[in-house]
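Engineer: Data: my_file-v3.txt, compact mmCIF, C-alpha atoms and all ligand atoms.
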```txt
# COMPACT_ATOMS: atom_id res chain seq x y z
CA MET W 230 7.33 19.82 -4.49
CA LYS W 231 9.23 17.88 -7.11
CA ILE W 232 10.52 14.67 -5.59
CA GLY W 233 12.73 11.94 -7.05
CA ILE W 234 12.34 8.45 -5.59
CA THR W 235 14.80 5.59 -6.03
CA CYS W 236 14.13 2.06 -4.81
CA TYR W 237 14.64 -1.56 -5.72
CA PRO W 238 11.77 -2.10 -8.14
CA SER W 239 11.35 -5.84 -7.55
CA ILE W 240 8.78 -7.31 -5.18
CA GLY W 241 9.79 -6.48 -1.62
CA GLY W 242 8.64 -4.26 1.20
CA SER W 243 11.09 -1.43 0.56
CA GLY W 244 10.05 -1.07 -3.09
CA ILE W 245 6.37 -1.28 -2.15
CA VAL W 246 6.66 1.41 0.53
CA ALA W 247 8.63 3.69 -1.84
CA THR W 248 6.06 3.19 -4.60
CA GLU W 249 3.02 3.74 -2.37
CA LEU W 250 4.68 6.85 -0.92
CA GLY W 251 5.18 8.26 -4.43
CA LEU W 252 1.60 7.42 -5.43
CA GLN W 253 0.13 9.07 -2.35
CA LEU W 254 2.33 12.17 -2.72
CA ALA W 255 1.28 12.47 -6.37
CA LYS W 256 -2.36 12.47 -5.22
CA ARG W 257 -1.42 15.44 -3.03
CA ASP W 258 -0.26 17.28 -6.14
CA HIS W 259 3.46 16.76 -5.79
CA GLU W 260 5.41 15.85 -8.93
CA ILE W 261 7.01 12.43 -8.46
CA HIS W 262 9.89 11.00 -10.47
CA PHE W 263 10.71 7.32 -9.97
CA ILE W 264 14.31 6.65 -11.03
CA ALA W 265 15.10 2.93 -10.98
CA SER W 266 16.33 0.00 -13.02
CA GLU W 267 12.74 -0.98 -13.89
CA THR W 268 9.25 0.35 -13.36
CA PRO W 269 8.58 -0.42 -9.69
CA TYR W 270 6.29 -3.33 -8.91
CA ARG W 271 2.79 -1.98 -8.07
CA LEU W 272 3.29 1.09 -10.26
CA ASN W 273 1.35 -0.37 -13.13
CA ASP W 274 -0.71 2.46 -14.53
CA ALA W 275 0.59 5.81 -15.58
CA SER W 276 -0.86 8.20 -13.03
CA HIS W 277 -1.23 11.91 -12.85
CA ASN W 278 1.98 13.62 -11.61
CA ILE W 279 4.05 10.44 -11.91
CA TYR W 280 7.11 10.07 -14.13
CA THR W 281 9.26 6.96 -14.47
CA HIS W 282 12.91 7.09 -15.53
CA ARG W 283 14.60 3.78 -16.11
CA ILE W 284 18.32 3.20 -16.32
CA ASP W 285 20.06 1.10 -18.89
CA VAL W 286 23.24 -0.35 -17.44
CA THR W 287 26.05 -0.67 -20.00
CA SER W 288 27.45 -4.15 -20.49
CA TYR W 289 30.68 -2.96 -22.16
CA ASN W 290 33.01 -5.95 -22.12
CA VAL W 291 35.89 -4.12 -20.38
CA PHE W 292 33.70 -3.97 -17.28
CA LYS W 293 33.88 -7.07 -15.16
CA TYR W 294 30.82 -5.78 -13.25
CA PRO W 295 28.02 -3.68 -14.80
CA PRO W 296 28.22 -0.14 -13.34
CA TYR W 297 24.68 -0.02 -11.82
CA ASP W 298 25.55 2.54 -9.14
CA ILE W 299 27.29 5.04 -11.42
CA THR W 300 24.64 4.72 -14.13
CA LEU W 301 21.93 5.31 -11.55
CA ALA W 302 23.75 8.35 -10.07
CA ASN W 303 24.22 9.75 -13.59
CA LYS W 304 20.49 9.29 -14.34
CA ILE W 305 19.39 10.83 -11.05
CA ALA W 306 21.64 13.85 -11.73
CA ASN W 307 20.14 14.25 -15.22
CA VAL W 308 16.60 14.09 -13.83
CA ILE W 309 17.47 16.57 -11.05
CA ASP W 310 18.66 19.09 -13.64
CA GLU W 311 16.06 18.48 -16.32
CA TYR W 312 13.00 18.48 -14.05
CA GLU W 313 14.38 20.83 -11.40
CA LEU W 314 13.80 18.46 -8.51
CA ASP W 315 13.75 19.73 -4.92
CA VAL W 316 14.35 16.48 -3.05
CA ILE W 317 15.55 12.98 -3.85
CA HIS W 318 14.37 10.19 -1.57
CA MET W 319 16.61 7.14 -1.62
CA HIS W 320 15.21 3.87 -0.30
CA TYR W 321 17.82 1.43 1.01
CA ALA W 322 21.24 2.59 2.18
CA VAL W 323 23.42 0.70 -0.25
CA PRO W 324 23.99 1.62 -2.91
CA HIS W 325 21.07 4.05 -3.18
CA ALA W 326 22.01 6.57 -0.48
CA ILE W 327 25.51 6.73 -1.94
CA CYS W 328 24.13 7.06 -5.49
CA GLY W 329 22.07 10.01 -4.25
CA ILE W 330 25.14 11.73 -2.83
CA LEU W 331 27.06 11.17 -6.05
CA ALA W 332 24.09 12.42 -8.10
CA LYS W 333 24.00 15.60 -6.02
CA GLN W 334 27.68 16.18 -6.81
CA ILE W 335 27.16 15.55 -10.52
CA ALA W 336 24.00 17.67 -10.83
CA LYS W 337 24.19 21.40 -11.37
CA ARG W 338 21.34 22.10 -9.01
CA ASP W 339 21.26 22.06 -5.23
CA ILE W 340 19.11 19.27 -3.91
CA LYS W 341 18.15 17.73 -0.56
CA ILE W 342 18.71 14.02 0.04
CA VAL W 343 16.48 11.83 2.20
CA THR W 344 17.47 8.23 2.89
CA THR W 345 15.12 5.62 4.32
CA LEU W 346 16.62 2.53 5.94
CA HIS W 347 14.51 -0.57 5.44
CA GLY W 348 16.21 -3.45 7.22
CA THR W 349 18.73 -5.77 5.71
CA ASP W 350 20.70 -2.76 4.44
CA ILE W 351 21.62 -2.41 8.14
CA THR W 352 20.96 -5.71 9.91
CA ILE W 353 22.84 -7.83 7.37
CA LEU W 354 24.96 -5.51 5.21
CA GLY W 355 25.82 -3.30 8.18
CA GLN W 356 27.83 -6.20 9.60
CA ASP W 357 29.81 -6.52 6.39
CA LEU W 358 33.10 -4.67 6.79
CA SER W 359 33.39 -4.26 3.04
CA LEU W 360 30.30 -1.99 3.10
CA LYS W 361 30.07 -0.60 6.62
CA SER W 362 32.00 2.67 6.05
CA ALA W 363 30.03 3.35 2.86
CA ILE W 364 26.71 2.84 4.72
CA LYS W 365 27.85 5.23 7.48
CA PHE W 366 28.87 7.77 4.84
CA GLY W 367 25.50 7.40 3.08
CA ILE W 368 23.61 8.07 6.31
CA GLU W 369 25.79 10.94 7.49
CA GLU W 370 25.83 12.73 4.13
CA SER W 371 22.04 12.49 3.63
CA ASP W 372 20.15 15.57 4.81
CA VAL W 373 17.69 13.36 6.69
CA THR W 374 17.73 9.64 7.39
CA THR W 375 14.59 7.82 8.42
CA SER W 376 14.10 4.31 9.72
CA VAL W 377 10.93 2.23 9.41
CA SER W 378 10.98 1.16 13.09
CA ASP W 379 12.61 2.07 16.38
CA SER W 380 14.25 -1.33 16.45
CA LEU W 381 15.99 -0.66 13.12
CA LYS W 382 17.06 2.74 14.38
CA ARG W 383 18.64 1.10 17.46
CA ASP W 384 20.35 -1.51 15.27
CA THR W 385 21.73 1.26 13.04
CA TYR W 386 23.33 3.09 15.98
CA GLU W 387 24.67 -0.17 17.36
CA LEU W 388 26.12 -1.51 14.11
CA ILE W 389 27.02 1.61 12.15
CA ASN W 390 27.26 4.31 14.82
CA PRO W 391 26.37 7.30 12.58
CA GLU W 392 26.86 10.70 14.16
CA VAL W 393 23.50 12.11 13.04
CA ASP W 394 19.88 11.83 14.14
CA ILE W 395 17.67 9.18 12.61
CA GLN W 396 13.92 9.72 12.58
CA THR W 397 11.50 6.80 12.80
CA ILE W 398 8.64 6.99 10.32
CA PHE W 399 6.62 3.78 10.39
CA ASN W 400 5.52 1.97 7.27
CA PHE W 401 1.96 2.21 6.00
CA ILE W 402 -0.26 0.49 3.46
CA ASP W 403 -2.78 1.58 0.88
CA GLU W 404 -6.02 0.89 2.75
CA GLU W 405 -7.92 0.82 -0.55
CA LYS W 406 -5.93 -2.27 -1.60
CA PHE W 407 -5.95 -4.01 1.78
CA ASN W 408 -9.20 -4.00 3.74
CA TYR W 409 -11.93 -6.43 4.58
CA LEU W 410 -14.89 -4.49 3.30
CA ASP W 411 -15.89 -7.03 0.64
CA ALA W 412 -17.04 -10.08 2.63
CA SER W 413 -18.02 -12.02 -0.52
CA ILE W 414 -14.36 -12.53 -1.52
CA ARG W 415 -13.79 -14.83 1.47
CA LYS W 416 -16.60 -17.09 0.33
CA GLU W 417 -15.51 -17.07 -3.33
CA MET W 418 -11.88 -17.81 -2.50
CA ARG W 419 -12.77 -20.62 -0.10
CA GLN W 420 -15.00 -22.15 -2.74
CA ARG W 421 -12.19 -21.91 -5.29
CA TYR W 422 -9.89 -23.90 -3.01
CA HIS W 423 -12.65 -26.20 -1.60
CA ILE W 424 -12.14 -24.98 1.96
CA ASP W 425 -15.09 -25.21 4.40
CA GLU W 426 -15.99 -22.21 6.53
CA GLY W 427 -15.22 -24.28 9.64
CA THR W 428 -11.59 -24.82 8.62
CA THR W 429 -9.05 -22.35 9.97
CA VAL W 430 -6.84 -20.91 7.25
CA VAL W 431 -3.36 -19.83 8.30
CA ILE W 432 -1.31 -17.81 5.82
CA HIS W 433 2.24 -16.57 5.36
CA ALA W 434 3.51 -14.44 2.46
CA SER W 435 7.15 -13.61 1.79
CA ASN W 436 10.10 -13.89 -0.54
CA PHE W 437 11.01 -17.33 0.87
CA ARG W 438 14.43 -16.38 2.14
CA GLU W 439 16.18 -18.18 5.00
CA ILE W 440 15.53 -15.32 7.48
CA LYS W 441 11.75 -15.76 7.10
CA ARG W 442 12.01 -19.16 8.90
CA ILE W 443 9.24 -20.79 6.94
CA ASP W 444 10.53 -24.08 8.35
CA ASP W 445 9.35 -22.92 11.81
CA ILE W 446 5.94 -22.05 10.35
CA LEU W 447 5.66 -25.55 8.84
CA ARG W 448 6.65 -27.19 12.13
CA ALA W 449 4.19 -25.05 14.11
CA PHE W 450 1.48 -25.86 11.60
CA LYS W 451 2.19 -29.59 11.82
CA LEU W 452 1.67 -29.58 15.60
CA ALA W 453 -1.45 -27.37 15.42
CA SER W 454 -3.10 -29.22 12.54
CA GLU W 455 -2.86 -32.48 14.51
CA GLN W 456 -5.32 -30.92 16.97
CA VAL W 457 -7.59 -28.71 14.85
CA ASP W 458 -8.87 -28.58 11.28
CA MET W 459 -6.43 -26.26 9.49
CA ILE W 460 -5.00 -25.38 6.10
CA LEU W 461 -1.74 -23.49 5.58
CA VAL W 462 -1.37 -21.13 2.62
CA LEU W 463 2.18 -20.19 1.66
CA ALA W 464 2.26 -17.32 -0.81
CA GLY W 465 5.35 -15.97 -2.54
CA ASP W 466 8.43 -17.37 -4.11
CA GLY W 467 12.18 -17.34 -3.51
CA PRO W 468 15.32 -19.36 -2.91
CA LEU W 469 13.72 -21.76 -0.41
CA SER W 470 10.51 -22.60 -2.31
CA SER W 471 11.55 -26.13 -3.35
CA LYS W 472 13.15 -26.85 0.01
CA MET W 473 9.94 -25.85 1.85
CA LYS W 474 7.84 -28.09 -0.40
CA ALA W 475 10.22 -30.94 0.40
CA LEU W 476 9.98 -30.15 4.12
CA ALA W 477 6.17 -30.16 3.97
CA THR W 478 6.35 -33.63 2.39
CA GLU W 479 8.87 -34.83 4.99
CA LEU W 480 6.61 -33.56 7.82
CA GLU W 481 3.67 -35.38 6.16
CA ILE W 482 1.58 -32.22 5.90
CA ARG W 483 2.00 -31.58 2.17
CA HIS W 484 -1.73 -32.30 1.54
CA LYS W 485 -2.69 -29.52 3.96
CA VAL W 486 -0.32 -26.86 2.58
CA LEU W 487 -1.22 -24.74 -0.45
CA PHE W 488 1.83 -23.24 -2.18
CA VAL W 489 0.17 -20.51 -4.25
CA GLY W 490 3.30 -18.73 -5.54
CA GLN W 491 3.52 -14.99 -6.06
CA GLN W 492 0.08 -13.43 -6.13
CA PRO W 493 -0.44 -9.90 -7.50
CA HIS W 494 -3.71 -9.72 -5.58
CA ILE W 495 -2.47 -11.14 -2.30
CA GLY W 496 -5.26 -9.30 -0.46
CA MET W 497 -7.73 -11.90 -1.78
CA TYR W 498 -5.73 -14.66 -0.10
CA TYR W 499 -5.67 -12.73 3.16
CA LEU W 500 -9.42 -12.37 2.96
CA MET W 501 -9.98 -16.13 2.86
CA SER W 502 -7.65 -16.59 5.86
CA ASP W 503 -7.89 -16.22 9.64
CA ILE W 504 -4.36 -16.13 11.01
CA PHE W 505 -1.18 -14.55 9.61
CA MET W 506 2.24 -15.95 10.51
CA LEU W 507 5.58 -14.11 10.46
CA LEU W 508 8.23 -15.99 12.44
CA SER W 509 11.30 -14.31 10.90
CA GLU W 510 14.65 -14.23 12.67
CA LYS W 511 15.29 -10.69 11.30
CA GLU W 512 12.56 -8.24 10.30
CA SER W 513 12.82 -4.49 10.58
CA PHE W 514 9.05 -4.00 10.34
CA GLY W 515 7.09 -6.71 8.49
CA LEU W 516 4.92 -4.79 6.03
CA SER W 517 2.87 -7.92 5.26
CA LEU W 518 1.66 -7.83 8.88
CA LEU W 519 -0.05 -4.50 8.29
CA GLU W 520 -1.58 -5.70 5.04
CA ALA W 521 -2.93 -8.84 6.70
CA MET W 522 -4.11 -7.13 9.89
CA ASN W 523 -6.05 -4.58 7.85
CA CYS W 524 -7.74 -7.49 6.07
CA GLY W 525 -8.99 -8.77 9.44
CA LEU W 526 -6.37 -11.43 10.20
CA VAL W 527 -4.92 -12.08 13.64
CA PRO W 528 -1.09 -12.13 13.51
CA ILE W 529 1.35 -14.44 15.25
CA GLY W 530 4.85 -13.03 14.95
CA SER W 531 8.32 -13.56 16.35
CA ASN W 532 10.07 -11.13 18.67
CA ALA W 533 12.53 -10.15 15.94
CA GLY W 534 13.34 -6.52 15.10
CA GLY W 535 10.29 -4.33 14.60
CA ILE W 536 7.64 -7.09 14.70
CA PRO W 537 6.76 -6.37 18.39
CA GLU W 538 6.29 -2.69 17.42
CA VAL W 539 3.60 -3.75 14.95
CA ILE W 540 1.93 -6.56 16.96
CA LYS W 541 0.98 -5.73 20.54
CA HIS W 542 1.27 -9.05 22.37
CA GLU W 543 -2.10 -10.33 23.61
CA GLU W 544 -3.75 -7.06 22.49
CA THR W 545 -3.68 -7.29 18.71
CA GLY W 546 -2.04 -10.71 18.19
CA PHE W 547 0.69 -12.88 19.69
CA ILE W 548 4.47 -12.72 19.85
CA VAL W 549 6.72 -15.74 20.35
CA ASP W 550 10.49 -16.06 20.64
CA VAL W 551 12.35 -16.61 17.37
CA HIS W 552 12.35 -20.38 16.62
CA ASP W 553 9.75 -21.16 19.31
CA TYR W 554 7.45 -22.96 16.90
CA LYS W 555 5.87 -24.94 19.75
CA LYS W 556 4.52 -21.78 21.36
CA ALA W 557 3.40 -20.54 17.93
CA SER W 558 1.45 -23.77 17.44
CA GLU W 559 -0.26 -23.30 20.83
CA TYR W 560 -1.47 -19.85 19.75
CA MET W 561 -2.64 -21.26 16.42
CA VAL W 562 -4.74 -23.86 18.24
CA LYS W 563 -6.05 -21.31 20.75
CA LEU W 564 -7.13 -18.92 17.99
CA SER W 565 -8.68 -21.70 15.98
CA ARG W 566 -10.75 -22.95 18.94
CA ASP W 567 -11.75 -19.61 20.43
CA ASN W 568 -13.79 -17.58 17.93
CA ALA W 569 -14.55 -14.87 20.48
CA LEU W 570 -10.85 -14.32 21.19
CA ARG W 571 -10.07 -14.24 17.46
CA ASP W 572 -12.81 -11.71 16.88
CA HIS W 573 -11.67 -9.54 19.77
CA LEU W 574 -8.02 -9.49 18.58
CA LYS W 575 -9.07 -8.93 14.99
CA HIS W 576 -11.02 -5.79 15.85
CA ALA W 577 -8.30 -4.53 18.17
CA ALA W 578 -5.75 -5.05 15.36
CA LEU W 579 -7.94 -3.23 12.84
CA ARG W 580 -8.29 -0.32 15.24
CA ASP W 581 -4.60 -0.17 16.05
CA VAL W 582 -3.48 -0.32 12.41
CA GLY W 583 -6.00 2.41 11.60
CA GLU W 584 -4.65 4.62 14.37
CA ARG W 585 -0.88 4.10 14.38
CA PHE W 586 -0.14 3.19 10.75
CA ASN W 587 -2.82 5.20 9.01
CA SER W 588 -1.51 6.16 5.55
CA THR W 589 -2.71 9.78 5.77
CA LYS W 590 -0.86 10.22 9.05
CA ILE W 591 2.38 8.66 7.78
CA ILE W 592 2.35 10.58 4.48
CA ASP W 593 1.81 13.77 6.53
CA GLN W 594 5.01 12.95 8.43
CA TYR W 595 7.01 12.56 5.20
CA GLU W 596 5.49 15.72 3.74
CA VAL W 597 6.31 17.78 6.85
CA MET W 598 9.84 16.42 6.81
CA TYR W 599 10.39 17.41 3.12
CA LYS W 600 8.93 20.87 3.76
CA GLN W 601 11.16 21.44 6.78
CA LEU W 602 14.17 20.40 4.73
CA LEU W 603 13.29 22.93 2.05
CA GLY W 604 12.70 25.62 4.66
CA ASP W 605 8.97 25.98 3.82
O1 LIG W 701 12.66 -8.87 3.72
C1 LIG W 701 11.87 -8.55 2.84
O2 LIG W 701 10.76 -9.06 2.77
C2 LIG W 701 12.25 -7.54 1.80
C3 LIG W 701 12.85 -6.30 2.43
C4 LIG W 701 13.15 -5.23 1.38
O3 LIG W 701 14.28 -4.79 1.40
O4 LIG W 701 12.29 -4.85 0.60
O5 LIG W 701 11.95 -5.78 3.40
C5 LIG W 701 12.47 -4.86 4.33
O6 LIG W 701 11.77 -3.63 4.17
C6 LIG W 701 10.37 -3.69 4.46
C7 LIG W 701 9.76 -2.32 4.21
O7 LIG W 701 10.29 -1.36 5.07
C8 LIG W 701 10.13 -4.18 5.90
O8 LIG W 701 8.75 -4.29 6.15
C9 LIG W 701 10.80 -5.56 6.08
O9 LIG W 701 10.64 -5.95 7.43
C10 LIG W 701 12.28 -5.45 5.74
N1 LIG W 701 12.90 -6.78 5.79
C11 LIG W 701 13.78 -7.12 6.73
O10 LIG W 701 14.14 -6.38 7.63
C12 LIG W 701 14.28 -8.51 6.66
```
Kindly return the structure encoded in the file as structure tokens.
Structural biologist:
Amino acid sequence: MKIGITCYPSIGGSGIVATELGLQLAKRDHEIHFIASETPYRLNDASHNIYTHRIDVTSYNVFKYPPYDITLANKIANVIDEYELDVIHMHYAVPHAICGILAKQIAKRDIKIVTTLHGTDITILGQDLSLKSAIKFGIEESDVTTSVSDSLKRDTYELINPEVDIQTIFNFIDEEKFNYLDASIRKEMRQRYHIDEGTTVVIHASNFREIKRIDDILRAFKLASEQVDMILVLAGDGPLSSKMKALATELEIRHKVLFVGQQPHIGMYYLMSDIFMLLSEKESFGLSLLEAMNCGLVPIGSNAGGIPEVIKHEETGFIVDVHDYKKASEYMVKLSRDNALRDHLKHAALRDVGERFNSTKIIDQYEVMYKQLLGD
């Protein structure tokens, strides 16, 4: 098949899932065309069967706002016609689903449109009356809409009420990039940061937005690190970076918190760690959970959105209520003190990720869905 993929190319779960999907489909001999404002993050090398088409948004001074959406639709239509695409897969409802529909109208060729909902396009933008009707239109006019979790699917029906079926296809990771097969990395990384093997390393990685509730992670860590020997690694960057550094100082834990910024090889940081924290107040899935769990970490997550679909409470990790940092700190202490429990949960998590979120299985689901759409 010839498949066009549009996503936000910057660092973020939706762009990563779209990119990995394209890469895996290309390995299965499909021809993949990424159409985006920039080359997607994680699509560094030119690979077999992969094409990248970037848009150049006009900054003509009559326009108060650069016409990103129309330029993108125009480009997608051109690529549909020139490369004779069969399907376009739009990641994120706004504006991408709508750009896909417009592109289909502009193009001379019939095409199927798949839209994947990733989270804030529904849970935040879906509450915005200035976008709600457009999101509903984007979903209803796509040939298939998928959601990355059942929770996001429920939220979509509740907030947007589309009159079509939505199919859940879970996220997945590239197991070659995230695994714990190379045990020497843990030792090397701990040496680099002067961390003893006996110290528990807790890690969180995100784009440092308000909804990630890094303040709750810092508060949980403060309580836990008063009882056990612990280091907190905060990876990533975003609007709250400076504020979180200031909070760590205010809580008098700054010397135990490593702010390592954005890391292209985040897997190495997971490998030196023991516990992964994700205490978000909104999270449709939490892709970083899968990455960390497949690197052998035990997750502690909040009961927001799709997180409880990824972490099975007391089976593969722990779930706490949103904002319940005290309970989170209790689990941190428990995991730090009880190596046998940590080991048990770690292996259960590895097994569960391998079974339910296995990349081959998830790519199969997308491939079957495209084929059904095309009547193959
Ligand atoms: O919130 C983020 O970290 C970025 C955001 C995005 O749009 O890329 O992630 C969303 O999509 C990911 C991939 O499906 C999900 O794993 C994240 O949970 C989701 N974020 C939210 O729902 C807040």
Engineer: Between W:Ile592, W:Ile402, W:Met522, W:Leu574, which has the minimum distance to Glu543 in chain W (counting all atoms listed in the file)?
Structural biologist: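 Of the candidates, the smallest distance to Glu543 in chain W is held by W:Leu574.
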Engineer: Can you build me a table of chain W residues sitting at most 6 Å from ligand LIG 701 (chain W), with the closest atom pair per residue and its distance in Å to one decimal, using all atoms listed in the file, sorted by chain and residue number, as a tab-separated table?
Structural biologist:
```
residue	atom	partner	partner_atom	distance
W:Gly241	CA	W:LIG701	O4	3.7
W:Gly242	CA	W:LIG701	C6	3.7
W:Ser243	CA	W:LIG701	O4	3.6
W:Gly244	CA	W:LIG701	O4	5.7
W:His347	CA	W:LIG701	O6	4.3
W:Gly348	CA	W:LIG701	O10	3.6
W:Thr349	CA	W:LIG701	O10	5.0
W:Val377	CA	W:LIG701	O7	5.7
W:Ser435	CA	W:LIG701	O2	5.9
W:Asn436	CA	W:LIG701	O2	5.9
W:Lys511	CA	W:LIG701	C12	5.2
W:Glu512	CA	W:LIG701	O10	3.6
W:Ser513	CA	W:LIG701	O10	3.7
W:Phe514	CA	W:LIG701	O9	3.8
W:Gly515	CA	W:LIG701	O8	3.8
W:Leu516	CA	W:LIG701	O8	3.9
```
Engineer: Within 9 Å of (0.7, 5.5, -0.9), in the coordinates the file gives, what residues turn up when you count all atoms listed in the file, written out as JSON, numbers by chain?
Structural biologist: {"W": [245, 246, 247, 248, 249, 250, 251, 252, 253, 254, 255, 256, 401, 402, 403, 404, 588, 589, 592]}
Engineer: With distances taken over only C-alpha atoms, which residue among W:His573, W:His494, W:His282, W:Arg448 lies nearest Glu479 in chain W?
Structural biologist: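 Ranking W:His573, W:His494, W:His282, W:Arg448 by distance to Glu479 in chain W, first place goes to W:Arg448.
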Engineer: Using only C-alpha atoms - which residues lie no farther than 12 Å from the point (14.8, 3.9, 8.5) in the file's frame? Write them as JSON, numbers by chain.
Structural biologist: {"W": [243, 246, 318, 319, 320, 321, 322, 326, 343, 344, 345, 346, 347, 348, 349, 350, 351, 352, 368, 373, 374, 375, 376, 377, 378, 379, 380, 381, 382, 383, 384, 385, 386, 394, 395, 396, 397, 398, 399, 400, 513, 514, 535]}
Engineer: Please determine, counting all atoms listed in the file, which residue among W:Arg257, W:His423, W:His433, W:Lys485 has the shortest atom-to-atom distance to Ala521 in chain W.
Structural biologist: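 Once distances to Ala521 in chain W are computed over all atoms listed in the file, the minimum belongs to W:His433.
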